[in-house]
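> So that we are looking at the same thing, I have put the structure below in structure tokens.
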Amino acid sequence: MLILLYLSLVCSLPHIALSSHCTVETATKTFEKCMNLPTQQASIAWTFHPHNSTLELVFFGSFISPSGWVGWGINPTSPEMTGTRALIAFPDPNSGQIVLLSYILDPTVKLQKSPLLSRPLDIHLLSSTAAMYGGKMATVHNGAAIQIFGTVKLQTNKTKIHLVWNRGLYVQGYSPTIHPTTSTDLASIATFDVLSGSSAPQHTDLTTLRVIHGTVNAISWGILLPMGAITARYLTHIQALGPAWFYAHAGIQLFGFVLGTVGFVIGIRLGQLSPGVEYRLHRKLGMAVFCLGALQTLALLFRPNTRNKFRKYWKSYHHFVGYSCVVLGFVNVFQGFEVMGASRSYAKLTYCLGLSTLIGLCIALEVNSWVVFCRKSKEDKMRREGLIGTSH
């Protein structure tokens, strides 16, 4: 199942799909270099003039809605959205023609405290324009391609820039609304050198790591730990197994926790490699699940024997922490599919099939447990009433 989930997750992620080769040609200009960007099938082409530190750049993007927007910008200080000086194109709400306006993405934009309003940039923007394929006759629709040109004078001897790009579904008046928050959209950042064309690998090589993180955590927290809980709940009372149920329970839980720890560490590393990309709910749930899993593992070291007066308190603690870990693990696995943009993917379907199998097994074992319990209760009552003899 691990291999099946990994392969289906790889095939389902939208940003893994191969994009076409970049081009240096536009209808009005030919550039010197080009580069495919790692998300949204976007690309750029540019010419850098070292003698006056002028950068001519065109961004190739596409709309995701007839009333949407597309933009790119440069962050002068760090590879993140906050602080980006952006050029954003969208259809004019009055005329329907494409307009291109400049915006500064300060921290209030990220917090959505106020509408994003156009204002002059504080970088040396020499010129900017936008054009759609088909010219003035072109219409904005889902998938419509657009080119956004900009000429910027960079600081002397500074050839490395932080490029940020994205697209959204709606524009309210002349204020673009928030873009989608899938992992693909949040990773739309690249750092590259305009002179050499080399790019930093900070976001381009994280796809495999994300897939491994998602697969390992889905298997560990979302499958193995529930299996361990099922083992403890339904195999305890089978006398023929003896202590084998306990070793099976402890072994499955320990293996699941070790595997989950690997996934947790990968998640922490992904956060370090993705500045400006935050999944607050997913991160908080992940930390909560890991802490609960660690508490469960440590509980083995303090497990009192069956005659100890604290045994019942330990069992209550063990059950509460264990079931809490399992429930939050389920929630966070599905939250992970959401942030990876795989909420309608074969990967999620594969996981749901595995989870459904576990649920079906639980129902069957629960019914069997109640049948056995009712039968034993009836036999005990009949013994007390003398209707059947006691067994020796």
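Ligands are numbered from 1 in the order shown, chains are lettered A, B, ... in the order of the structure tokens, and residues start at 1 in each chain.
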Which of segment 3-184 of chain A end up as strand (DSSP E) when DSSP is run on this backbone - answer as number ranges by chain?
A: 33-36, 43-49, 54-62, 69-75, 84-91, 98-105, 124-132, 145-153, 160-168, 171-172, 175-176
> Compile the contact shell of Thr156 of chain A as a PyMOL selection string: residues with an atom at most 10 Å away, counting only C-alpha atoms, same-chain residues fewer than 2 positions apart removed.
chain A and resi 50-54+153-154+158-159
> List as a list in words the protein and nucleic acid residues near segment 160-175 of chain A, meaning an atom at most 6 Å away when only C-alpha atoms are counted, but skip any in the same chain fewer than 5 places from it.
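The residues satisfying every condition are Ser65, Ser67, Gly68, Trp69, Val70, Gly71, Trp72, Gly73, Ile74, Asn75, Pro79, Leu116, Leu117, Ser188, Ile189, Ala190, Thr191, Phe192 and Asp193 of chain A.
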> Could you state the separation of atom CA of Val327 of chain A and atom CA of Tyr351 of chain A in Å, given to one decimal place?
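Between atom CA of Val327 of chain A and atom CA of Tyr351 of chain A the gap is 15.3 Å.
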> Give me the residues within 6 Å of segment 182-185 of chain A as a list in words, counting only C-alpha atoms and dropping any in the same chain fewer than 5 places off.
Thr39, Val339, Met340 and Gly341 of chain A
> As a ChimeraX atom specification, please: the residues near Leu365 of chain A (cut-off 9 Å, only C-alpha atoms, same-chain neighbours under 5 positions excluded).
/A:230,234,360,370
> Nearest to Val265 of chain A: which of A:Tyr346, A:Phe290, A:Phe90, A:Phe320 is it, counting only C-alpha atoms?
A:Phe290
> At a cut-off of 12 Å, using only C-alpha atoms, what residues contact Val372 of chain A? Leave out same-chain residues fewer than 6 positions from it and give the result as a short mmCIF file (atom, residue, chain, number, x, y, z; two decimals) with all heavy atoms, in the first residue's frame.

```cif
data_model
loop_
_atom_site.label_atom_id
_atom_site.label_comp_id
_atom_site.auth_asym_id
_atom_site.auth_seq_id
_atom_site.Cartn_x
_atom_site.Cartn_y
_atom_site.Cartn_z
N TYR A 234 -9.60 -5.35 20.11
CA TYR A 234 -10.37 -6.52 19.73
C TYR A 234 -9.65 -7.86 19.93
O TYR A 234 -10.30 -8.91 19.85
CB TYR A 234 -10.82 -6.40 18.27
CG TYR A 234 -11.72 -5.22 18.04
CD1 TYR A 234 -11.29 -4.12 17.31
CD2 TYR A 234 -13.00 -5.19 18.58
CE1 TYR A 234 -12.12 -3.03 17.10
CE2 TYR A 234 -13.83 -4.10 18.40
CZ TYR A 234 -13.39 -3.02 17.66
OH TYR A 234 -14.20 -1.93 17.47
N HIS A 237 -9.20 -9.98 24.35
CA HIS A 237 -10.04 -10.96 25.05
C HIS A 237 -9.99 -12.34 24.40
O HIS A 237 -10.72 -13.22 24.82
CB HIS A 237 -11.48 -10.46 25.10
CG HIS A 237 -11.60 -9.08 25.68
ND1 HIS A 237 -11.32 -8.81 27.00
CD2 HIS A 237 -11.95 -7.88 25.13
CE1 HIS A 237 -11.50 -7.52 27.24
NE2 HIS A 237 -11.88 -6.93 26.12
N ILE A 238 -9.17 -12.51 23.39
CA ILE A 238 -9.02 -13.83 22.78
C ILE A 238 -7.96 -14.60 23.57
O ILE A 238 -6.75 -14.36 23.42
CB ILE A 238 -8.64 -13.72 21.29
CG1 ILE A 238 -9.70 -12.91 20.53
CG2 ILE A 238 -8.48 -15.12 20.68
CD1 ILE A 238 -9.39 -12.72 19.06
N LEU A 365 -15.53 -6.58 13.75
CA LEU A 365 -15.00 -7.03 15.04
C LEU A 365 -15.85 -6.52 16.20
O LEU A 365 -16.01 -7.22 17.21
CB LEU A 365 -13.56 -6.55 15.20
CG LEU A 365 -12.52 -7.21 14.29
CD1 LEU A 365 -11.17 -6.53 14.39
CD2 LEU A 365 -12.40 -8.69 14.63
N GLU A 366 -16.39 -5.31 16.06
CA GLU A 366 -17.25 -4.76 17.11
C GLU A 366 -18.54 -5.59 17.23
O GLU A 366 -18.98 -5.90 18.35
CB GLU A 366 -17.58 -3.30 16.80
CG GLU A 366 -18.30 -2.56 17.92
CD GLU A 366 -17.40 -2.30 19.12
OE1 GLU A 366 -16.16 -2.19 18.95
OE2 GLU A 366 -17.94 -2.22 20.23
N LYS A 378 -25.54 -14.22 28.74
CA LYS A 378 -26.69 -15.12 28.82
C LYS A 378 -26.30 -16.42 29.52
O LYS A 378 -27.05 -16.94 30.36
CB LYS A 378 -27.21 -15.41 27.42
CG LYS A 378 -28.47 -16.26 27.38
CD LYS A 378 -28.98 -16.42 25.96
CE LYS A 378 -30.25 -17.25 25.93
NZ LYS A 378 -30.76 -17.44 24.54
N GLU A 379 -25.10 -16.94 29.21
CA GLU A 379 -24.64 -18.17 29.85
C GLU A 379 -24.43 -17.95 31.34
O GLU A 379 -24.78 -18.81 32.16
CB GLU A 379 -23.34 -18.64 29.19
CG GLU A 379 -23.53 -19.17 27.78
CD GLU A 379 -22.21 -19.55 27.12
OE1 GLU A 379 -21.15 -19.29 27.74
OE2 GLU A 379 -22.24 -20.09 26.00
#
```
> Hey, which bits of segment 222-248 of chain A sit within 12 Å of segment 294-308 of chain A, and for each residue what's the closest pair of atoms and how far apart in Å (one decimal), counting only C-alpha atoms, rows by chain and increasing number, as a tab-separated table?

```
residue	atom	partner	partner_atom	distance
A:Leu225	CA	A:Gln296	CA	10.8
A:Gly228	CA	A:Gln296	CA	11.8
A:Ala229	CA	A:Gln296	CA	11.4
A:Phe246	CA	A:Leu300	CA	11.2
A:Tyr247	CA	A:Leu300	CA	11.7
```
> Can you pull out every residue within 7 Å of Gly329 of chain A, counting only C-alpha atoms, but drop anything in the same chain fewer than 4 positions away, and send it as a list in words?
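Near neighbours after the sequence-gap exclusion: Trp221, Gly222, Val289, Cys325 and Val333 of chain A.
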> Give me a file of those residues, with C-alpha atoms, as a PDB file, in the first residue's frame.

```pdb
ATOM      1  CA  TRP A 221      -0.451   8.239  11.521  1.00  0.00           C
ATOM      2  CA  GLY A 222      -3.365   7.386   9.235  1.00  0.00           C
ATOM      3  CA  VAL A 289      -0.238  14.340  16.824  1.00  0.00           C
ATOM      4  CA  CYS A 325      -3.758  10.695  18.555  1.00  0.00           C
ATOM      5  CA  VAL A 333      -3.937  13.381   6.842  1.00  0.00           C
TER       6      VAL A 333
END
```
